[in-house]
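A.B. asks: Supplied in structure tokens, the structure appears directly below.
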Amino acid sequence: MKNNKNWLNIIVVFLILISLNLTGRYFFHRFDFTADKRFTLTDKTKNALAKSQKPITITVFLNGELPAAFKRLQTSVKDLLNDYKAYSNADLKVVFVDPLAGLSVADQDTVINNLYMHGIEATNLSVKTESGLTQKLVYPMAMIESDGKELPVKLFQNLDASGNYEDNINRSIENLEYAFTSGIKKVVNGNNPRIGFTEANGEPSDLELYDAIHTLSNSYEVGRVNLNTIDKAGLDKLKMLVIIKPQQAYTETEKYKINYFVMNGGRVLWSIDQVSAELDSLQGKGSQMVFNKNLNLDDMLFMYGARINYNIIADKNSAEIPVSTGVVGGQPQIQLVPWLYYPILLPDTAASLVKNLDGIKAEFPSTVDTIGAKGVKKTYILTTSSFNKVFNAPKLFSLRMVAEQPDPKSFQNPLQSAGVLLEGEFPSVFAGRPLPAQIASAFTNTNVGKSAKMIVIGDGDIFKNQVVAKDNSPLPLGFDRYTQRTYGNKALLLNIADYFTDDDNLIDLRNKEVKIRLLDKAKIKLEKTKWQIINVVFPLLVLIFFAIFQHYYRKYKYAK
């Protein structure tokens with residue numbers, strides 16, 4: 001009777017297992033028991049994967065011998081892409097490779113150059129070990145390919161090697177779903193929106209905007225736009241208009257075309273200098289009187305809900321500049337010193353648009369205020385630190401100011417905004433006004449436009465790349481050749497372009513938070529020997545104890 005009952009239990013278990021397997025063939029579900037739902041994909045990602053029809057290959061270059069922190073990033077990528085494969089409607093293939101494994105130095109240089117031509121950039125890490133700092137070249141990047149199109153994806157978003165790797169890795173893990181989903185969507189759709197950088201008003205040259213235009217060209221159709229010659233049809237083809245550091249006042253005709261673009265639901269990025277401060281002028285003349293510019297844009301921005309003030313922000317959280325300290329042996333001596341007027345702007349973590357970004361290097365930025373505009377939502381995206389001070393223009397600047405010690409009390413002020421996002425239905429600047437002389441007929445008759453977006457930043461240098469004077473070669477956007485640091489300027493531009501051109505608003509995926517329970521490094525170093533003994537010796541003692549116990553138990557049991 002007892003045997004029959006045991007057989008019945010076994011049969012029931014097998015029937016349950018078979019039922020679960022059969023059910024799983026028709027009803028797919030994945031269970032995530034983590035508190036922060038780190039293994040749960042958002043509905044936007046699932047929808048993007050469900051729409052994919054053609055095979056997708058994702059090659060991840062983060063492989064081989066890696067520092068512990070990057071191993072954790074690699075594991076997170078593997079876990080995430082396993083979920084992508086489970087939900088993808090098309091055949092999704094994932095490959096992990098170490099591009100430099102087993103190669104000679106000469107061959108490694110060739111591979112590094114070839115990968116760079118395809119947008120795959122290496123990161124040289126300074127890894128702290130018990131014996132000191134060691135250099136390690138890794139590729140925290142991936143390549144998404146489908147139907148002959150490819151797109152590089154950065155997995156490690158915070159490229160400042162002097163920062164805290166644990167924090168940077170954590171922020172990068174939080175950003176993975178956004179990075180892969182937006183990349184897959186761009187490759188699969190193959191629809192490249194048009195982005196225009198304005199010219200003809202003294203804007204930076206193609207060389208100074210090279211990396212901004214080149215980087216965006218991987219996903220968009222990018223070119224220069226002359227507002228004097230472009231017509232209504234040309235504006236209708238644009239998705240995003242970028243206005244960077246104009247030097248000359250805009251005519252009413254140019255402003256009319258910008259206003260029409262906004263009324264038609266366009267996206268505009270304003271990166272404006274309201275004052276004439278330039279470090280090159282200081283280095284050449286030693287001093288410069290900074291005056292207000294007249295760009296004839298204040299009325300437009302005021303109507304749209306923003307105002308760039310005629311002032312300059314100083315911040316103790318700032319970048320460094322090279323200053324000559326004299327001549328020794330016929331050679332000029334250069335020293336890097338903090339320059340308060342090159343503040344590192346901080347992304348507002350409450351805004352998903354700039355979440356997980358590094359600090360943004362600015363040059364003589366101005367504060368940005370919001371103005372009441374009906375139907376327009378305002379979100380601050382860039383702020384100073386709490387150790388700031390604002391100076392009104394005009395103001396005399398001199399390189400001798402680097403030696404001044406700022407008064408700590410005067411630099412303890414509320415956060416100042418240097419960038420704001422505006423969204424909604426903007427009013428027309430030309431409502432009730434006559435058409436400009438060069439506009440033969442009205443482009444539109446509406447006084448309130450379609451839903452549009454714009455970002456207003458009080459600095460025109462944020463999206464300019466540095467240029468090596470020796471050979472006129474452009475440097476990556478956000479990279480400072482003097483300090484060898486990379487700031488978040490390029491990532492900010494890419495985020496803005498994604499946010500402005502993506503109607504599915506995938507930028508919301510940045511709101512995902514992954515809590516990493518990190519070990520206390522100081523405690524590990526202090527108690528290292530104790531825990532090594534516990535982990536190595538204690539299990540052996542337990543095994544010996546059970547062996548002795550079993551020996552005497554068997555002896556006691558069978559000795560009778």
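The chains in the structure tokens are called A, B, ... from first to last as shown; in each chain the residues are counted from 1, and the ligands are counted from 1 in the order shown.
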Hey, what's within 10 Å of stretch 222-232 of chain A if we count only C-alpha atoms and toss same-chain stuff fewer than 4 positions away? As a PyMOL selection string, please?
C.D. replies: chain A and resi 192-201+206+212-218+236-238+240-243+250-251+253-258+260-261+438-439+442-444
A.B. asks: Skipping near chain neighbours, those fewer than 2 positions away, what residues fall within 8 Å of stretch 356-367 of chain A using only C-alpha atoms, listed as an MDAnalysis selection string?
C.D. replies: chainID A and resid 157:158 160 171:172 175 273:274 277:278 308:314 319 341:347 349 354 369 416:419 458:462 478 487:489 491:492 510
A.B. asks: Using DSSP assignments from the backbone, pull out every residue in stretch 37-266 of chain A that falls under strand (DSSP E or B) and give it to me as a ChimeraX atom specification.
C.D. replies: /A:56-60,92-96,123-129,132-138,141-146,149-154,194-199,221-226,240-244
A.B. asks: Using the selection just defined, write its residues with C-alpha atoms as a PDB file, in the first residue's frame.
C.D. replies:
```
ATOM      1  CA  ILE A  56      19.654  41.265 -35.895  1.00  0.00           C
ATOM      2  CA  THR A  57      23.249  40.621 -34.831  1.00  0.00           C
ATOM      3  CA  ILE A  58      24.690  42.277 -31.740  1.00  0.00           C
ATOM      4  CA  THR A  59      28.458  41.988 -31.363  1.00  0.00           C
ATOM      5  CA  VAL A  60      29.692  42.895 -27.884  1.00  0.00           C
ATOM      6  CA  LEU A  92      18.514  37.959 -32.654  1.00  0.00           C
ATOM      7  CA  LYS A  93      22.097  36.720 -32.448  1.00  0.00           C
ATOM      8  CA  VAL A  94      24.474  37.872 -29.700  1.00  0.00           C
ATOM      9  CA  VAL A  95      28.262  37.437 -30.003  1.00  0.00           C
ATOM     10  CA  PHE A  96      30.905  38.342 -27.400  1.00  0.00           C
ATOM     11  CA  THR A 123      38.874  53.053 -23.377  1.00  0.00           C
ATOM     12  CA  ASN A 124      42.212  53.155 -21.595  1.00  0.00           C
ATOM     13  CA  LEU A 125      41.585  52.470 -17.925  1.00  0.00           C
ATOM     14  CA  SER A 126      43.712  53.303 -14.922  1.00  0.00           C
ATOM     15  CA  VAL A 127      42.789  50.416 -12.656  1.00  0.00           C
ATOM     16  CA  LYS A 128      43.695  50.567  -8.974  1.00  0.00           C
ATOM     17  CA  THR A 129      45.291  47.411  -7.607  1.00  0.00           C
ATOM     18  CA  GLY A 132      49.345  50.533  -7.651  1.00  0.00           C
ATOM     19  CA  LEU A 133      47.804  51.726 -10.932  1.00  0.00           C
ATOM     20  CA  THR A 134      47.857  49.567 -14.056  1.00  0.00           C
ATOM     21  CA  GLN A 135      46.749  50.483 -17.574  1.00  0.00           C
ATOM     22  CA  LYS A 136      44.142  48.339 -19.321  1.00  0.00           C
ATOM     23  CA  LEU A 137      42.681  48.824 -22.808  1.00  0.00           C
ATOM     24  CA  VAL A 138      39.075  47.628 -23.058  1.00  0.00           C
ATOM     25  CA  MET A 141      31.026  48.921 -26.821  1.00  0.00           C
ATOM     26  CA  ALA A 142      28.743  46.882 -29.043  1.00  0.00           C
ATOM     27  CA  MET A 143      27.774  46.894 -32.719  1.00  0.00           C
ATOM     28  CA  ILE A 144      24.180  46.360 -33.826  1.00  0.00           C
ATOM     29  CA  GLU A 145      23.773  45.077 -37.399  1.00  0.00           C
ATOM     30  CA  SER A 146      20.668  44.352 -39.464  1.00  0.00           C
ATOM     31  CA  LYS A 149      23.069  48.649 -41.600  1.00  0.00           C
ATOM     32  CA  GLU A 150      25.175  48.954 -38.472  1.00  0.00           C
ATOM     33  CA  LEU A 151      25.252  51.215 -35.421  1.00  0.00           C
ATOM     34  CA  PRO A 152      27.856  51.390 -32.624  1.00  0.00           C
ATOM     35  CA  VAL A 153      26.544  51.456 -29.043  1.00  0.00           C
ATOM     36  CA  LYS A 154      28.447  52.696 -25.998  1.00  0.00           C
ATOM     37  CA  ARG A 194      17.123  65.335 -40.823  1.00  0.00           C
ATOM     38  CA  ILE A 195      19.048  67.647 -38.496  1.00  0.00           C
ATOM     39  CA  GLY A 196      20.215  71.086 -39.628  1.00  0.00           C
ATOM     40  CA  PHE A 197      23.006  73.175 -38.076  1.00  0.00           C
ATOM     41  CA  THR A 198      22.488  76.846 -38.902  1.00  0.00           C
ATOM     42  CA  GLU A 199      25.154  78.952 -40.601  1.00  0.00           C
ATOM     43  CA  GLU A 221      20.961  63.020 -42.039  1.00  0.00           C
ATOM     44  CA  VAL A 222      22.955  66.047 -40.893  1.00  0.00           C
ATOM     45  CA  GLY A 223      23.953  69.209 -42.735  1.00  0.00           C
ATOM     46  CA  ARG A 224      24.284  72.989 -42.539  1.00  0.00           C
ATOM     47  CA  VAL A 225      21.242  75.211 -43.023  1.00  0.00           C
ATOM     48  CA  ASN A 226      21.308  78.805 -44.267  1.00  0.00           C
ATOM     49  CA  MET A 240      15.588  69.286 -35.637  1.00  0.00           C
ATOM     50  CA  LEU A 241      17.270  72.688 -35.946  1.00  0.00           C
ATOM     51  CA  VAL A 242      20.509  73.376 -34.070  1.00  0.00           C
ATOM     52  CA  ILE A 243      21.468  77.013 -33.430  1.00  0.00           C
ATOM     53  CA  ILE A 244      24.988  77.132 -31.967  1.00  0.00           C
TER      54      ILE A 244
END
```
A.B. asks: Counting only C-alpha atoms, what is within 9 Å of A:Glu252, bar same-chain residues fewer than 5 positions away, as a list in words?
C.D. replies: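 Using only C-alpha atoms, the neighbours found are Lys257, Asn296, Leu435, Pro436 and Ala437 of chain A.
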A.B. asks: Given the selection you just returned, output its residues as a file containing all heavy atoms, formatted as a compact mmCIF listing (two decimals), in the first residue's frame.
C.D. replies:
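To be explicit, this is the file written out as again39.txt:
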```
# COMPACT_ATOMS: atom_id res chain seq x y z
N LYS A 257 11.40 82.31 -40.23
CA LYS A 257 11.55 80.91 -40.64
C LYS A 257 11.72 80.00 -39.41
O LYS A 257 11.19 78.89 -39.38
CB LYS A 257 12.73 80.77 -41.59
CG LYS A 257 12.48 81.45 -42.94
CD LYS A 257 13.67 81.34 -43.87
CE LYS A 257 13.39 82.03 -45.21
NZ LYS A 257 14.52 81.95 -46.15
N ASN A 296 19.36 89.79 -31.36
CA ASN A 296 17.97 90.00 -31.77
C ASN A 296 17.12 88.74 -31.61
O ASN A 296 16.26 88.44 -32.43
CB ASN A 296 17.92 90.48 -33.23
CG ASN A 296 16.55 91.05 -33.59
OD1 ASN A 296 15.82 91.54 -32.73
ND2 ASN A 296 16.19 90.97 -34.87
N LEU A 435 4.34 90.56 -42.37
CA LEU A 435 5.37 89.65 -42.84
C LEU A 435 6.67 90.41 -43.11
O LEU A 435 6.63 91.56 -43.56
CB LEU A 435 4.92 88.94 -44.13
CG LEU A 435 3.73 87.99 -44.04
CD1 LEU A 435 3.39 87.47 -45.43
CD2 LEU A 435 4.05 86.84 -43.10
N PRO A 436 7.82 89.77 -42.87
CA PRO A 436 9.09 90.39 -43.26
C PRO A 436 9.12 90.65 -44.76
O PRO A 436 8.45 89.95 -45.54
CB PRO A 436 10.14 89.35 -42.85
CG PRO A 436 9.48 88.55 -41.77
CD PRO A 436 8.03 88.50 -42.14
N ALA A 437 9.90 91.61 -45.17
CA ALA A 437 9.90 92.05 -46.57
C ALA A 437 10.26 90.93 -47.53
O ALA A 437 9.75 90.88 -48.66
CB ALA A 437 10.88 93.22 -46.73
```
A.B. asks: So how many Å separate atom CA of A:Ile457 and atom CA of A:Ser386, to one decimal?
C.D. replies: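 The value is 18.9 Å.
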A.B. asks: Residues at most 8 Å from A:Ile321, counting only C-alpha atoms, excluding those fewer than 3 positions away in the same chain, as a compact mmCIF listing (two decimals) with all heavy atoms, in the first residue's frame?
C.D. replies:
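Generated file (out_9.txt):
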```txt
# COMPACT_ATOMS: atom_id res chain seq x y z
N LEU A 336 48.56 73.93 -15.36
CA LEU A 336 47.10 73.87 -15.40
C LEU A 336 46.54 74.41 -14.09
O LEU A 336 46.93 73.97 -13.00
CB LEU A 336 46.63 72.44 -15.61
CG LEU A 336 46.93 71.82 -16.97
CD1 LEU A 336 46.48 70.36 -17.01
CD2 LEU A 336 46.26 72.60 -18.10
N VAL A 337 45.63 75.37 -14.21
CA VAL A 337 45.03 75.98 -13.02
C VAL A 337 43.51 76.03 -13.20
O VAL A 337 43.00 76.15 -14.32
CB VAL A 337 45.57 77.41 -12.79
CG1 VAL A 337 47.05 77.38 -12.46
CG2 VAL A 337 45.32 78.28 -14.02
N PRO A 338 42.76 75.94 -12.11
CA PRO A 338 41.29 76.03 -12.21
C PRO A 338 40.86 77.41 -12.72
O PRO A 338 41.42 78.43 -12.32
CB PRO A 338 40.82 75.81 -10.76
CG PRO A 338 41.96 75.13 -10.08
CD PRO A 338 43.20 75.66 -10.73
N TRP A 339 39.88 77.40 -13.61
CA TRP A 339 39.35 78.65 -14.17
C TRP A 339 37.86 78.69 -13.84
O TRP A 339 37.07 77.94 -14.39
CB TRP A 339 39.61 78.69 -15.66
CG TRP A 339 39.16 79.92 -16.40
CD1 TRP A 339 38.27 79.98 -17.42
CD2 TRP A 339 39.59 81.27 -16.17
NE1 TRP A 339 38.11 81.26 -17.86
CE2 TRP A 339 38.92 82.08 -17.10
CE3 TRP A 339 40.48 81.86 -15.27
CZ2 TRP A 339 39.11 83.46 -17.16
CZ3 TRP A 339 40.66 83.25 -15.33
CH2 TRP A 339 39.98 84.03 -16.26
N TYR A 482 43.91 69.56 -22.76
CA TYR A 482 44.83 70.01 -21.73
C TYR A 482 44.81 69.07 -20.52
O TYR A 482 45.86 68.68 -20.01
CB TYR A 482 44.49 71.44 -21.29
CG TYR A 482 44.51 72.42 -22.43
CD1 TYR A 482 43.35 73.10 -22.81
CD2 TYR A 482 45.69 72.69 -23.14
CE1 TYR A 482 43.36 74.01 -23.85
CE2 TYR A 482 45.70 73.60 -24.19
CZ TYR A 482 44.54 74.25 -24.54
OH TYR A 482 44.54 75.14 -25.58
```
